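For reference, query18.tsv is printed below; it contains TSV, C-alpha atoms.
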```tsv
chain	number	residue	atom	x	y	z
V	128	MET	CA	25.54	36.51	-16.30
V	129	TYR	CA	23.35	35.22	-13.53
V	130	GLU	CA	23.44	36.90	-10.15
V	131	PHE	CA	25.41	35.79	-7.15
V	132	LYS	CA	26.60	37.60	-4.09
V	133	TYR	CA	30.34	38.15	-3.75
V	134	HIS	CA	31.85	38.25	-0.25
V	135	ARG	CA	35.37	39.32	0.57
V	136	PRO	CA	36.18	38.39	4.18
V	137	GLU	CA	39.35	39.77	5.75
V	138	THR	CA	39.73	37.17	8.46
V	139	LEU	CA	39.35	33.41	8.58
V	140	GLN	CA	36.62	33.76	11.23
V	141	GLN	CA	34.58	36.01	8.92
V	142	ALA	CA	34.94	33.45	6.14
V	143	VAL	CA	33.86	30.61	8.45
V	144	ASN	CA	30.82	32.63	9.55
V	145	LEU	CA	29.84	33.51	5.98
V	146	LEU	CA	30.09	29.86	4.96
V	147	ALA	CA	27.90	28.81	7.88
V	148	GLU	CA	25.32	31.56	7.38
V	149	ASN	CA	24.74	31.28	3.65
V	150	GLU	CA	23.12	28.37	2.00
V	151	ASP	CA	24.46	27.42	-1.42
V	152	ALA	CA	27.76	29.22	-0.86
V	153	MET	CA	31.05	28.23	-2.45
V	154	LEU	CA	34.57	29.19	-1.51
V	155	ILE	CA	36.76	30.71	-4.18
V	156	ALA	CA	40.54	31.10	-4.01
V	157	GLY	CA	42.34	31.28	-7.37
V	158	GLY	CA	39.15	30.45	-9.25
V	159	HIS	CA	40.90	28.59	-12.04
V	160	THR	CA	38.57	25.65	-11.72
V	161	LEU	CA	35.43	27.26	-10.34
V	162	VAL	CA	35.19	30.27	-12.68
V	163	PRO	CA	35.31	28.28	-15.95
V	164	VAL	CA	32.73	25.90	-14.51
V	165	MET	CA	30.48	28.84	-13.54
V	166	LYS	CA	30.86	30.36	-17.01
V	167	GLN	CA	29.61	27.11	-18.50
V	168	ARG	CA	26.66	27.14	-16.07
V	169	LEU	CA	27.78	23.86	-14.62
V	170	ALA	CA	27.73	25.48	-11.20
V	171	SER	CA	25.68	28.45	-10.07
V	172	PRO	CA	26.28	29.13	-6.38
V	173	ALA	CA	24.22	31.91	-4.79
V	174	HIS	CA	27.21	33.13	-2.76
V	175	LEU	CA	30.92	33.26	-3.49
V	176	ILE	CA	33.27	33.69	-0.56
V	177	ASP	CA	36.67	34.92	-1.74
V	178	LEU	CA	39.50	33.67	0.47
V	179	SER	CA	42.27	35.47	-1.39
V	180	HIS	CA	42.18	38.64	0.72
V	181	ILE	CA	42.51	37.00	4.11
V	182	GLU	CA	45.61	38.39	5.74
V	183	GLY	CA	48.34	35.82	6.33
V	184	LEU	CA	46.50	32.85	4.83
V	185	ASP	CA	49.20	32.66	2.15
V	186	SER	CA	52.19	32.56	4.50
V	187	ILE	CA	55.04	30.12	3.98
V	188	ALA	CA	57.23	29.36	7.01
V	189	MET	CA	59.01	26.67	9.00
V	190	ARG	CA	56.94	25.77	12.08
V	191	GLU	CA	57.75	23.10	14.66
V	192	GLY	CA	60.27	21.57	12.25
V	193	LEU	CA	57.63	21.28	9.52
V	194	LEU	CA	57.17	23.29	6.35
V	195	ALA	CA	53.86	25.12	6.76
V	196	ILE	CA	52.28	26.46	3.58
V	197	GLY	CA	49.18	28.65	3.89
V	198	ALA	CA	46.08	27.65	1.95
V	199	THR	CA	46.06	30.66	-0.38
V	200	ALA	CA	49.74	30.47	-1.30
V	201	THR	CA	49.77	30.34	-5.08
V	202	HIS	CA	51.72	27.75	-7.04
V	203	ALA	CA	54.10	30.54	-8.08
V	204	ASP	CA	54.60	31.52	-4.41
V	205	VAL	CA	55.56	27.93	-3.60
V	206	ALA	CA	57.73	27.52	-6.71
V	207	ASP	CA	59.67	30.73	-5.98
V	208	SER	CA	59.89	30.48	-2.19
V	209	SER	CA	63.45	30.16	-0.90
V	210	ILE	CA	62.03	28.53	2.24
V	211	VAL	CA	60.38	25.78	0.19
V	212	GLY	CA	63.40	25.50	-2.12
V	213	GLU	CA	65.64	24.85	0.86
V	214	ALA	CA	63.30	22.60	2.85
V	215	ILE	CA	61.69	20.48	0.10
V	216	PRO	CA	63.06	21.33	-3.35
V	217	ALA	CA	60.88	18.62	-4.92
V	218	LEU	CA	57.78	20.50	-3.76
V	219	ALA	CA	58.98	23.76	-5.34
V	220	GLU	CA	59.65	21.87	-8.57
V	221	LEU	CA	56.19	20.33	-8.48
V	222	ALA	CA	54.57	23.76	-8.07
V	223	ALA	CA	56.63	25.11	-10.99
V	224	MET	CA	55.23	22.34	-13.22
V	225	ILE	CA	51.54	23.03	-12.56
V	226	GLY	CA	49.52	24.39	-15.49
V	227	ASP	CA	50.66	27.59	-17.18
V	228	PRO	CA	51.84	30.95	-15.73
V	229	ALA	CA	48.26	32.24	-15.34
V	230	VAL	CA	47.27	29.15	-13.37
V	231	ARG	CA	50.42	29.30	-11.26
V	232	HIS	CA	49.91	32.94	-10.30
V	233	LYS	CA	46.24	32.55	-9.35
V	234	GLY	CA	45.78	28.90	-8.39
V	235	THR	CA	46.40	27.99	-4.74
V	236	ILE	CA	47.50	24.92	-2.83
V	237	GLY	CA	44.34	24.97	-0.71
V	238	GLY	CA	42.12	25.24	-3.79
V	239	SER	CA	43.86	22.33	-5.45
V	240	LEU	CA	43.53	20.14	-2.36
V	241	ALA	CA	39.89	21.05	-1.73
V	242	ASN	CA	39.02	20.21	-5.34
V	243	ASN	CA	41.05	16.96	-5.40
V	244	ASP	CA	41.03	16.68	-9.16
V	245	PRO	CA	42.13	13.09	-9.96
V	246	THR	CA	44.96	14.45	-12.12
V	247	ALA	CA	46.14	17.27	-9.85
V	248	ASP	CA	49.80	17.39	-8.75
V	249	TYR	CA	49.65	18.50	-5.09
V	250	PRO	CA	47.80	15.43	-3.76
V	251	THR	CA	50.86	13.28	-4.56
V	252	ALA	CA	53.14	15.56	-2.54
V	253	CYS	CA	50.77	15.50	0.44
V	254	VAL	CA	50.41	11.71	0.40
V	255	ALA	CA	54.07	10.90	-0.31
V	256	LEU	CA	55.35	13.36	2.30
V	257	ASP	CA	52.70	12.29	4.86
V	258	ALA	CA	51.54	15.89	5.18
V	259	THR	CA	48.89	17.11	7.58
V	260	ILE	CA	46.06	19.23	6.22
V	261	VAL	CA	45.01	21.81	8.78
V	262	THR	CA	41.49	23.22	8.56
V	263	SER	CA	39.38	25.72	10.44
V	264	LYS	CA	38.21	22.81	12.61
V	265	ARG	CA	40.89	20.12	12.83
V	266	ARG	CA	44.01	18.43	11.49
V	267	LEU	CA	43.75	15.65	8.94
V	268	LYS	CA	46.43	13.21	7.85
V	269	SER	CA	46.75	12.97	4.07
V	270	ASP	CA	45.95	9.26	4.09
V	271	ASP	CA	42.56	10.11	5.64
V	272	TYR	CA	41.95	13.33	3.75
V	273	PHE	CA	41.79	12.11	0.12
V	274	GLN	CA	38.68	10.00	-0.46
V	275	GLY	CA	38.52	9.31	-4.19
V	276	MET	CA	38.16	11.59	-7.16
V	277	PHE	CA	36.85	15.03	-6.19
V	278	SER	CA	36.09	13.69	-2.72
V	279	THR	CA	37.81	14.71	0.50
V	280	ALA	CA	37.18	14.46	4.22
V	281	LEU	CA	36.30	18.18	4.23
V	282	GLU	CA	32.90	19.00	5.66
V	283	ALA	CA	30.61	21.61	4.13
V	284	ASP	CA	31.50	24.27	6.71
V	285	GLU	CA	35.23	23.60	6.83
V	286	ILE	CA	38.05	25.68	5.31
V	287	ILE	CA	41.63	24.53	4.70
V	288	THR	CA	44.04	26.91	6.43
V	289	GLN	CA	47.45	25.37	5.86
V	290	VAL	CA	49.37	22.26	4.93
V	291	MET	CA	52.18	21.00	7.17
V	292	PHE	CA	54.88	19.00	5.37
V	293	PRO	CA	57.46	16.89	7.25
V	294	LEU	CA	60.89	17.29	5.68
V	295	PRO	CA	62.05	14.26	3.70
V	296	LYS	CA	65.65	13.10	3.45
V	297	GLN	CA	65.16	12.77	-0.30
V	298	ALA	CA	62.27	13.40	-2.65
V	299	SER	CA	61.39	13.97	-6.28
V	300	TYR	CA	58.27	14.48	-8.38
V	301	GLN	CA	58.23	13.32	-11.98
V	302	LYS	CA	55.34	14.11	-14.27
V	303	PHE	CA	54.37	13.16	-17.78
V	304	ARG	CA	51.98	15.89	-18.70
V	305	ASN	CA	49.23	16.21	-21.20
V	306	GLN	CA	50.53	18.77	-23.66
V	307	ALA	CA	47.18	20.51	-24.04
V	308	SER	CA	45.84	20.73	-20.50
V	309	ARG	CA	49.21	20.41	-18.70
V	310	TYR	CA	47.49	18.11	-16.26
V	311	ALA	CA	49.40	14.99	-15.29
V	312	LEU	CA	48.75	12.07	-17.60
V	313	VAL	CA	50.72	10.38	-14.84
V	314	GLY	CA	52.68	11.97	-11.99
V	315	VAL	CA	54.74	10.10	-9.38
V	316	PHE	CA	56.07	11.55	-6.13
V	317	VAL	CA	58.71	9.51	-4.31
V	318	ALA	CA	59.78	10.52	-0.81
V	319	ARG	CA	62.31	9.00	1.59
V	320	LEU	CA	61.22	10.16	5.02
V	321	PRO	CA	63.29	9.64	8.18
V	322	SER	CA	61.55	6.33	8.92
V	323	ASP	CA	59.49	5.56	5.84
V	324	VAL	CA	59.47	5.54	2.04
V	325	ARG	CA	56.27	6.60	0.31
V	326	VAL	CA	55.32	6.60	-3.38
V	327	ALA	CA	52.17	8.41	-4.54
V	328	VAL	CA	50.66	8.47	-8.02
V	329	THR	CA	48.27	10.93	-9.67
V	330	GLY	CA	46.60	11.08	-13.09
V	331	ALA	CA	46.53	7.32	-13.48
V	332	GLY	CA	44.04	6.10	-10.91
V	333	ALA	CA	40.35	6.21	-11.73
V	334	ASP	CA	39.81	7.27	-8.14
V	335	GLY	CA	42.54	9.89	-7.84
V	336	VAL	CA	45.79	9.78	-5.89
V	337	PHE	CA	46.98	6.41	-4.57
V	338	ARG	CA	50.07	4.82	-3.00
V	339	LEU	CA	52.16	2.01	-4.46
V	340	ALA	CA	52.86	-0.38	-1.59
V	341	ALA	CA	55.04	-2.79	-3.62
V	342	PHE	CA	57.29	0.06	-4.79
V	343	GLU	CA	57.51	1.45	-1.24
V	344	GLU	CA	58.61	-1.93	0.17
V	345	ALA	CA	61.29	-2.35	-2.51
V	346	LEU	CA	62.62	1.17	-1.95
V	347	LYS	CA	62.72	0.67	1.83
V	348	LYS	CA	65.21	-2.16	1.27
V	349	SER	CA	67.29	-0.12	-1.15
V	350	PHE	CA	66.52	3.41	-2.32
V	351	THR	CA	67.73	2.88	-5.90
V	352	SER	CA	65.88	2.73	-9.20
V	353	LYS	CA	67.46	-0.71	-9.67
V	354	SER	CA	65.33	-2.09	-6.84
V	355	LEU	CA	62.21	-1.15	-8.84
V	356	GLU	CA	63.28	-3.12	-11.89
V	357	GLY	CA	60.97	-5.99	-12.59
V	358	LEU	CA	58.14	-4.45	-10.57
V	359	SER	CA	55.06	-3.73	-12.63
V	360	VAL	CA	51.80	-2.00	-11.89
V	361	PRO	CA	48.53	-3.80	-12.71
V	362	SER	CA	46.41	-1.77	-15.13
V	363	ASP	CA	43.18	-2.67	-13.28
V	364	GLY	CA	41.49	0.45	-11.98
V	365	LEU	CA	43.63	2.81	-14.04
V	366	ASN	CA	42.21	5.43	-16.37
V	367	SER	CA	41.80	4.66	-20.02
V	368	ASP	CA	40.83	7.50	-22.33
V	369	LEU	CA	41.74	9.15	-25.61
V	370	HIS	CA	45.03	10.34	-24.09
V	371	GLY	CA	46.28	6.90	-23.16
V	372	SER	CA	45.21	3.38	-22.28
V	373	ALA	CA	45.32	1.91	-18.79
V	374	GLU	CA	48.27	-0.27	-19.88
V	375	TYR	CA	50.15	2.79	-21.11
V	376	ARG	CA	49.56	4.58	-17.83
V	377	ALA	CA	50.67	1.50	-15.85
V	378	HIS	CA	53.90	1.48	-17.86
V	379	LEU	CA	54.42	5.22	-17.30
V	380	ILE	CA	54.09	4.79	-13.54
V	381	GLY	CA	57.05	2.41	-13.50
V	382	VAL	CA	59.15	4.67	-15.74
V	383	LEU	CA	58.39	7.83	-13.75
V	384	ALA	CA	58.94	6.13	-10.38
V	385	ARG	CA	62.43	5.01	-11.47
V	386	ARG	CA	63.17	8.50	-12.80
V	387	ALA	CA	62.01	10.03	-9.53
V	388	VAL	CA	64.30	7.80	-7.48
V	389	ASP	CA	67.24	8.61	-9.77
V	390	ALA	CA	66.47	12.33	-9.58
V	391	ALA	CA	66.25	12.19	-5.78
V	392	ASN	CA	69.60	10.34	-5.60
V	393	ASP	CA	71.26	12.77	-8.03
V	394	ARG	CA	70.22	15.67	-5.82
V	395	ALA	CA	71.77	14.17	-2.67
J	116	MET	CA	32.48	11.80	-27.02
J	117	ALA	CA	31.58	8.19	-26.43
J	118	MET	CA	32.63	5.82	-23.73
J	119	THR	CA	31.71	2.46	-22.33
J	120	VAL	CA	31.47	1.21	-18.78
J	121	ASN	CA	31.11	-2.46	-18.03
J	122	GLY	CA	30.79	-4.21	-14.73
J	123	GLU	CA	29.16	-6.84	-12.64
J	124	VAL	CA	27.81	-6.94	-9.13
J	125	GLU	CA	27.09	-9.93	-6.90
J	126	LEU	CA	23.83	-9.57	-5.03
J	127	ALA	CA	22.73	-11.75	-2.12
J	128	ALA	CA	19.13	-11.94	-3.25
J	129	SER	CA	17.03	-14.06	-5.59
J	130	ARG	CA	16.75	-13.19	-9.26
J	131	ASP	CA	13.01	-12.53	-8.89
J	132	LEU	CA	13.59	-10.06	-6.08
J	133	VAL	CA	16.39	-8.28	-7.97
J	134	TRP	CA	14.15	-8.08	-11.02
J	135	ALA	CA	11.30	-6.59	-8.99
J	136	ARG	CA	13.59	-3.94	-7.52
J	137	LEU	CA	15.01	-3.10	-10.95
J	138	ASN	CA	11.49	-2.27	-12.04
J	139	ASP	CA	10.48	-0.26	-9.00
J	140	PRO	CA	10.65	3.49	-9.70
J	141	GLU	CA	11.03	4.24	-5.99
J	142	VAL	CA	14.06	1.96	-5.73
J	143	LEU	CA	15.63	3.39	-8.88
J	144	LYS	CA	15.04	6.91	-7.60
J	145	SER	CA	16.77	6.17	-4.31
J	146	CYS	CA	19.75	4.59	-6.10
J	147	ILE	CA	20.42	7.08	-8.90
J	148	PRO	CA	23.02	9.53	-7.55
J	149	GLY	CA	21.41	12.92	-6.91
J	150	CYS	CA	17.99	11.84	-8.22
J	151	GLU	CA	15.26	14.24	-7.15
J	152	GLU	CA	12.43	12.96	-9.30
J	153	PHE	CA	11.64	9.68	-11.06
J	154	ILE	CA	8.12	9.58	-12.41
J	155	LYS	CA	6.41	7.02	-14.59
J	156	VAL	CA	4.99	8.85	-17.59
J	157	ASP	CA	3.98	5.86	-19.71
J	158	GLU	CA	4.36	2.09	-19.79
J	159	ASN	CA	8.15	1.60	-19.54
J	160	GLN	CA	8.86	5.33	-19.77
J	161	PHE	CA	10.01	7.59	-16.98
J	162	GLN	CA	10.89	11.23	-16.45
J	163	ALA	CA	13.87	11.81	-14.15
J	164	VAL	CA	15.56	14.84	-12.64
J	165	ALA	CA	18.99	14.47	-11.04
J	166	ARG	CA	21.36	16.95	-9.50
J	167	LEU	CA	24.88	15.97	-10.37
J	168	LYS	CA	27.53	17.18	-7.96
J	169	ILE	CA	31.06	16.22	-8.87
J	170	GLY	CA	33.92	18.45	-7.84
J	171	PRO	CA	33.17	22.00	-8.92
J	172	VAL	CA	30.24	20.92	-11.08
J	173	SER	CA	26.80	21.15	-9.62
J	174	ALA	CA	24.07	21.07	-12.25
J	175	ARG	CA	20.55	19.71	-12.56
J	176	PHE	CA	19.75	17.37	-15.44
J	177	LYS	CA	16.41	16.24	-16.79
J	178	ALA	CA	16.26	12.89	-18.49
J	179	ARG	CA	13.83	10.61	-20.26
J	180	VAL	CA	14.31	6.99	-19.32
J	181	MET	CA	13.02	4.12	-21.44
J	182	LEU	CA	12.99	0.38	-20.85
J	183	SER	CA	12.99	-2.10	-23.73
J	184	ASP	CA	13.80	-5.74	-24.55
J	185	ILE	CA	12.09	-6.61	-21.29
J	186	ASP	CA	12.63	-10.26	-20.41
J	187	PRO	CA	11.60	-11.01	-16.81
J	188	PRO	CA	13.51	-11.98	-14.75
J	189	ASN	CA	16.55	-12.15	-17.03
J	190	GLY	CA	17.18	-8.55	-17.94
J	191	TYR	CA	16.34	-5.46	-19.97
J	192	ARG	CA	17.77	-2.61	-21.90
J	193	ILE	CA	17.57	0.79	-20.22
J	194	ALA	CA	18.17	3.97	-22.20
J	195	ALA	CA	18.35	7.51	-20.89
J	196	GLU	CA	18.55	10.78	-22.71
J	197	GLY	CA	19.33	13.88	-20.70
J	198	GLU	CA	19.33	17.60	-21.31
J	199	GLY	CA	21.41	19.82	-19.07
J	200	GLY	CA	20.15	23.04	-20.66
J	201	LEU	CA	23.08	25.18	-21.73
J	202	ALA	CA	25.48	22.64	-20.30
J	203	GLY	CA	24.94	20.16	-23.09
J	204	PHE	CA	23.49	16.73	-23.42
J	205	ALA	CA	24.21	13.25	-22.21
J	206	LYS	CA	22.66	10.02	-23.39
J	207	GLY	CA	23.38	6.44	-22.74
J	208	GLU	CA	22.03	2.97	-22.72
J	209	SER	CA	22.84	-0.14	-20.87
J	210	THR	CA	21.96	-3.79	-21.07
J	211	VAL	CA	21.33	-5.41	-17.72
J	212	VAL	CA	21.53	-9.19	-17.42
J	213	LEU	CA	20.66	-11.21	-14.31
J	214	LEU	CA	22.17	-14.65	-13.73
J	215	ASP	CA	21.80	-17.17	-10.89
J	216	HIS	CA	25.04	-17.17	-8.94
J	217	HIS	CA	26.01	-19.03	-5.72
J	218	GLY	CA	22.47	-18.88	-4.37
J	219	GLY	CA	22.22	-15.19	-5.20
J	220	THR	CA	22.23	-13.14	-8.36
J	221	LEU	CA	24.96	-11.84	-10.59
J	222	LEU	CA	24.01	-8.57	-12.26
J	223	LYS	CA	26.04	-7.72	-15.36
J	224	TYR	CA	25.82	-4.39	-17.11
J	225	GLU	CA	27.29	-3.04	-20.29
J	226	ALA	CA	26.71	0.66	-20.77
J	227	ALA	CA	27.60	3.01	-23.56
J	228	ALA	CA	27.24	6.75	-23.11
J	229	GLN	CA	27.72	9.88	-25.15
J	230	ILE	CA	28.06	13.48	-24.06
J	231	GLY	CA	28.04	16.63	-26.14
J	232	GLY	CA	28.02	20.40	-25.91
J	233	LYS	CA	29.86	22.28	-23.20
J	234	LEU	CA	29.65	19.28	-20.96
J	235	ALA	CA	31.95	17.41	-23.36
J	236	GLN	CA	34.27	20.37	-23.84
J	237	LEU	CA	34.86	20.67	-20.13
J	238	GLY	CA	34.35	17.10	-19.08
J	239	GLN	CA	36.11	14.92	-21.61
J	240	ARG	CA	39.21	14.64	-19.42
J	241	LEU	CA	37.11	13.29	-16.57
J	242	ILE	CA	34.11	11.67	-18.13
J	243	SER	CA	35.09	8.01	-17.92
J	244	GLY	CA	36.12	8.35	-14.28
J	245	THR	CA	32.85	10.13	-13.56
J	246	ALA	CA	30.77	7.47	-15.31
J	247	ARG	CA	32.51	4.71	-13.36
J	248	LYS	CA	32.04	6.59	-10.11
J	249	LEU	CA	28.32	7.13	-10.75
J	250	ALA	CA	27.81	3.50	-11.77
J	251	GLY	CA	29.65	2.43	-8.61
J	252	GLU	CA	27.45	4.63	-6.41
J	253	PHE	CA	24.29	3.37	-8.10
J	254	PHE	CA	25.11	-0.30	-7.64
J	255	ALA	CA	26.36	0.16	-4.07
J	256	LYS	CA	22.97	1.65	-3.16
J	257	PHE	CA	21.12	-0.88	-5.27
J	258	ALA	CA	22.88	-3.74	-3.49
J	259	LYS	CA	21.67	-2.29	-0.17
J	260	ALA	CA	18.14	-1.95	-1.53
J	261	VAL	CA	17.91	-5.60	-2.56
J	262	GLU	CA	19.89	-7.13	0.28
J	263	GLY	CA	18.65	-4.92	3.12
```
Represent the structure of the file as C-alpha cells.
Amino acid sequence: MYEFKYHRPETLQQAVNLLAENEDAMLIAGGHTLVPVMKQRLASPAHLIDLSHIEGLDSIAMREGLLAIGATATHADVADSSIVGEAIPALAELAAMIGDPAVRHKGTIGGSLANNDPTADYPTACVALDATIVTSKRRLKSDDYFQGMFSTALEADEIITQVMFPLPKQASYQKFRNQASRYALVGVFVARLPSDVRVAVTGAGADGVFRLAAFEEALKKSFTSKSLEGLSVPSDGLNSDLHGSAEYRAHLIGVLARRAVDAANDRA
Amino acid sequence: MAMTVNGEVELAASRDLVWARLNDPEVLKSCIPGCEEFIKVDENQFQAVARLKIGPVSARFKARVMLSDIDPPNGYRIAAEGEGGLAGFAKGESTVVLLDHHGGTLLKYEAAAQIGGKLAQLGQRLISGTARKLAGEFFAKFAKAVEG
C-alpha cells in the first residue's frame, strides 16, 4: 500500500479548509468508487478527506417545501426514509435499486453526483425533478450541474452539501440493469412537476445523463404512455458496447419511458 | 478488449497547413489530453507521457508513438503503445486522412484500440465512452490550433 494522509473532519468548514490547504487531496464519502480505483493504482491522492463523520451532513428533511437530502445520506438511508417515501416515492425506489446492499449502505448521494458516472441512477432523478445541488459555495440547477460523463460544474475546492428536490405530482424511475454490475444499462426517470414534465435518461448516452425533449412535449399534452407511442429515439450518440448496441439502448429508452409513465399513473 | 472510434472533423484551414500541424510535436503535445511530454526520439518516433484524469481515475501513462504510411499532405497512420505500470496497457492505431472540403479540410480518422490488465478489468464498462471523449477533446483543441 502506498502512503496517503487520512483526514477526518467533523465540520463542513474543516473539510473545506483541508481541501483548500492540501494539494492533491480527494474527498471520500462511501468510497465505493474511489477505493477500488485506489487499490488498482489508478488514483493515488496524497490526502483523503473523509466526509462521512461530519455531523448532520446526512440529514433528510422537508425544507421550504422541498425535500432536502444531505450529501452523505447513503442510498439505504434514502430508500428507507419515511420522509422520502412520502414526499417522492420514486426517489426512494431509485435508491433501493442502486448496486447491492454493501453499495447501498456505504455509497452516498453526494458521492454519486460528484462522480457523475454516465450510468449512475441519481443524475436522472436530479435532472427530471429539476433539483438544486447545494454546495459549500453556491446553488446549482441540475441542468447546469451535469456537464458530460464524469464532468460536473463542481470546482476543485467545492463540496456538495445537500440536494433540494421539488415535489412532483407524479414520478417514476424505471431501470434495466446490467446483471453483473447492477449499473443501469438504461434508466429513465419521468416526472410530472406542477408546471412541467421532464424525462431524463442514464446509461444510454455516451455523455451521461440527458433529457428527451420530444417525450417531454408529448407527455405535457397528455401524461399517458399512449402519447409516447410512435416516438422513437435516434441511436446517434448512444453507447454501444458488449452489453448492448446503440439501437438496443434506443429501443430500451422508449420501453422504459412508457413503463415509467404507466407506473406513475398506477401510483396516483 | 478492443474497440473502434471513427469520426471526422471539418477544419477551416488548407490541407498543407493541417498536415504541417499534424506533424508538429508541439501541436500534438498541446492537443493530447493531459499530455506532459512529447519528445521526438527518432525519425517518426516519439515518446509521450500523459496524465489521464477521468472521474476517479488519475494515472500517468507513458507511450511510444510511431508514424507510418506517411503520404504528405494526404494522411498517415499513427500508432501508440502505452504502459500504465501496474494499471495495465493500452495500445491503438489510427489512420488519418485529409481531404479538400468547401475551401477547408476534412479530417477523417478511424481508430482501433485495445486495453488490457487492470485497466480493462475496471474500465471495460466505460472504455468506449472514454475513447470518444478523449478523441473529441483532442480534435476540439486541434481545430483551434489549425484555425486560430
Can you work out the spacing between atom CA of Gln301 of chain V and atom CA of Val315 of chain V in Å, to one decimal? 5.4 Å
May I have a table of the residues of chain J lying at most 6 Å from chain V, giving each one's closest pair of atoms and their distance in Å to one decimal, counting all atoms listed in the file, ordered by chain and ascending residue number, as JSON lines?
```
{"residue": "J:Gly170", "atom": "CA", "partner": "V:Phe277", "partner_atom": "CA", "distance": 4.8}
{"residue": "J:Pro171", "atom": "CA", "partner": "V:Leu161", "partner_atom": "CA", "distance": 5.9}
{"residue": "J:Val172", "atom": "CA", "partner": "V:Ala170", "partner_atom": "CA", "distance": 5.2}
{"residue": "J:Ser173", "atom": "CA", "partner": "V:Ala170", "partner_atom": "CA", "distance": 4.7}
{"residue": "J:Ala174", "atom": "CA", "partner": "V:Leu169", "partner_atom": "CA", "distance": 5.2}
{"residue": "J:Gly244", "atom": "CA", "partner": "V:Ala333", "partner_atom": "CA", "distance": 5.4}
```
Could you check the closest approach to Ser243 of chain J for each of J:Ala165, J:Val261, J:Ala117, J:Val133 and tell me which residue wins, using only C-alpha atoms? J:Ala117
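Rounded to one decimal, atom CA of Ala188 of chain V and atom CA of Ala318 of chain V lie 20.6 Å from each other.
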Leaving out Arg338 of chain V and any residue of its chain fewer than 2 positions from it, which residues lie within 9 Å of it when counting all atoms listed in the file, given as a compact mmCIF listing (two decimals) with C-alpha atoms, in the frame of the given file?
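Written out: around_21.txt:
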```
# COMPACT_ATOMS: atom_id res chain seq x y z
CA THR V 251 50.86 13.28 -4.56
CA VAL V 254 50.41 11.71 0.40
CA ALA V 255 54.07 10.90 -0.31
CA ARG V 325 56.27 6.60 0.31
CA VAL V 326 55.32 6.60 -3.38
CA ALA V 327 52.17 8.41 -4.54
CA VAL V 328 50.66 8.47 -8.02
CA VAL V 336 45.79 9.78 -5.89
CA ALA V 340 52.86 -0.38 -1.59
CA PHE V 342 57.29 0.06 -4.79
CA GLU V 343 57.51 1.45 -1.24
```
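Of note, atom CA of Glu182 of chain V and atom CA of Ala152 of chain V are spaced 21.1 Å apart.
With all atoms listed in the file as the atoms that count, the minimum distance from Val164 of chain J to the choices J:Leu214, J:Val180, J:Leu221, J:Val124 is reached by J:Val180.
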Need to verify the contact set: Leu221 of chain V, 8 Å, all atoms listed in the file, exclusion of same-chain residues closer than 2 positions in sequence. Can you return it as number ranges by chain? V: 206, 217-219, 223-225, 248-249, 300
For a quick check of understanding, using only C-alpha atoms, which of V:Ser359, V:Gln274, V:Ser372, V:Ser352 has the smallest distance to Leu312 of chain V? V:Ser372
Determine, counting only C-alpha atoms, which protein, DNA and RNA residues have an atom within 12 Å of an atom of Leu379 of chain V; residues of the same chain fewer than 2 positions away are not included. Present the result as a PyMOL selection string. chain V and resi 301-304+311-315+328-331+359-362+365+371-377+381-387
Can you tell me which residues surround Lys206 of chain J at a distance of at most 12 Å, considering all atoms listed in the file, apart from same-chain residues fewer than 3 positions away, and format the answer as number ranges by chain? J: 116-119, 176-181, 193-199, 203, 209, 226-232, 234-235, 246
Need to verify the contact set: segment 287-297 of chain V, 7 Å, all atoms listed in the file, exclusion of same-chain residues closer than 5 positions in sequence. Can you return it as a PyMOL selection string? chain V and resi 184+193-198+214-215+237+256+258-263+318-321+391
Would you save the residues from that selection as a CSV table (one decimal), keeping the file's coordinate frame, using C-alpha atoms?
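Heads up, here's the output in result.csv:
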```csv
chain,number,residue,atom,x,y,z
V,184,LEU,CA,46.5,32.8,4.8
V,193,LEU,CA,57.6,21.3,9.5
V,194,LEU,CA,57.2,23.3,6.4
V,195,ALA,CA,53.9,25.1,6.8
V,196,ILE,CA,52.3,26.5,3.6
V,197,GLY,CA,49.2,28.6,3.9
V,198,ALA,CA,46.1,27.6,2.0
V,214,ALA,CA,63.3,22.6,2.8
V,215,ILE,CA,61.7,20.5,0.1
V,237,GLY,CA,44.3,25.0,-0.7
V,256,LEU,CA,55.4,13.4,2.3
V,258,ALA,CA,51.5,15.9,5.2
V,259,THR,CA,48.9,17.1,7.6
V,260,ILE,CA,46.1,19.2,6.2
V,261,VAL,CA,45.0,21.8,8.8
V,262,THR,CA,41.5,23.2,8.6
V,263,SER,CA,39.4,25.7,10.4
V,318,ALA,CA,59.8,10.5,-0.8
V,319,ARG,CA,62.3,9.0,1.6
V,320,LEU,CA,61.2,10.2,5.0
V,321,PRO,CA,63.3,9.6,8.2
V,391,ALA,CA,66.2,12.2,-5.8
```
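Comparing V:Leu139, V:Ala345, V:Leu178, V:Leu358 by their smallest distance to Gly157 of chain V, the closest is V:Leu178 (using all atoms listed in the file).
With distances taken over all atoms listed in the file, J:Leu143 is the one residue among J:Leu143, J:Ile242, J:Leu222, J:Ala128 lying closest to Phe161 of chain J.
Remark: for Ser208 of chain V, the closest of the candidate residues V:Arg135, V:Ser186, V:Asp270, V:Pro228 is V:Ser186 (distances computed over all atoms listed in the file).
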Would you fill the gaps in segment 216-220 of chain V so it has N, CA and C atoms, then print it as a compact mmCIF listing (two decimals), keeping the file's coordinate frame?
```
# COMPACT_ATOMS: atom_id res chain seq x y z
N PRO V 216 62.95 20.86 -1.96
CA PRO V 216 63.06 21.33 -3.35
C PRO V 216 62.10 20.62 -4.31
N ALA V 217 61.80 19.35 -4.03
CA ALA V 217 60.88 18.62 -4.92
C ALA V 217 59.50 19.27 -4.95
N LEU V 218 59.10 19.87 -3.83
CA LEU V 218 57.78 20.50 -3.76
C LEU V 218 57.77 21.80 -4.58
N ALA V 219 58.88 22.55 -4.52
CA ALA V 219 58.98 23.76 -5.34
C ALA V 219 58.96 23.40 -6.82
N GLU V 220 59.64 22.30 -7.16
CA GLU V 220 59.65 21.87 -8.57
C GLU V 220 58.27 21.44 -9.03
```
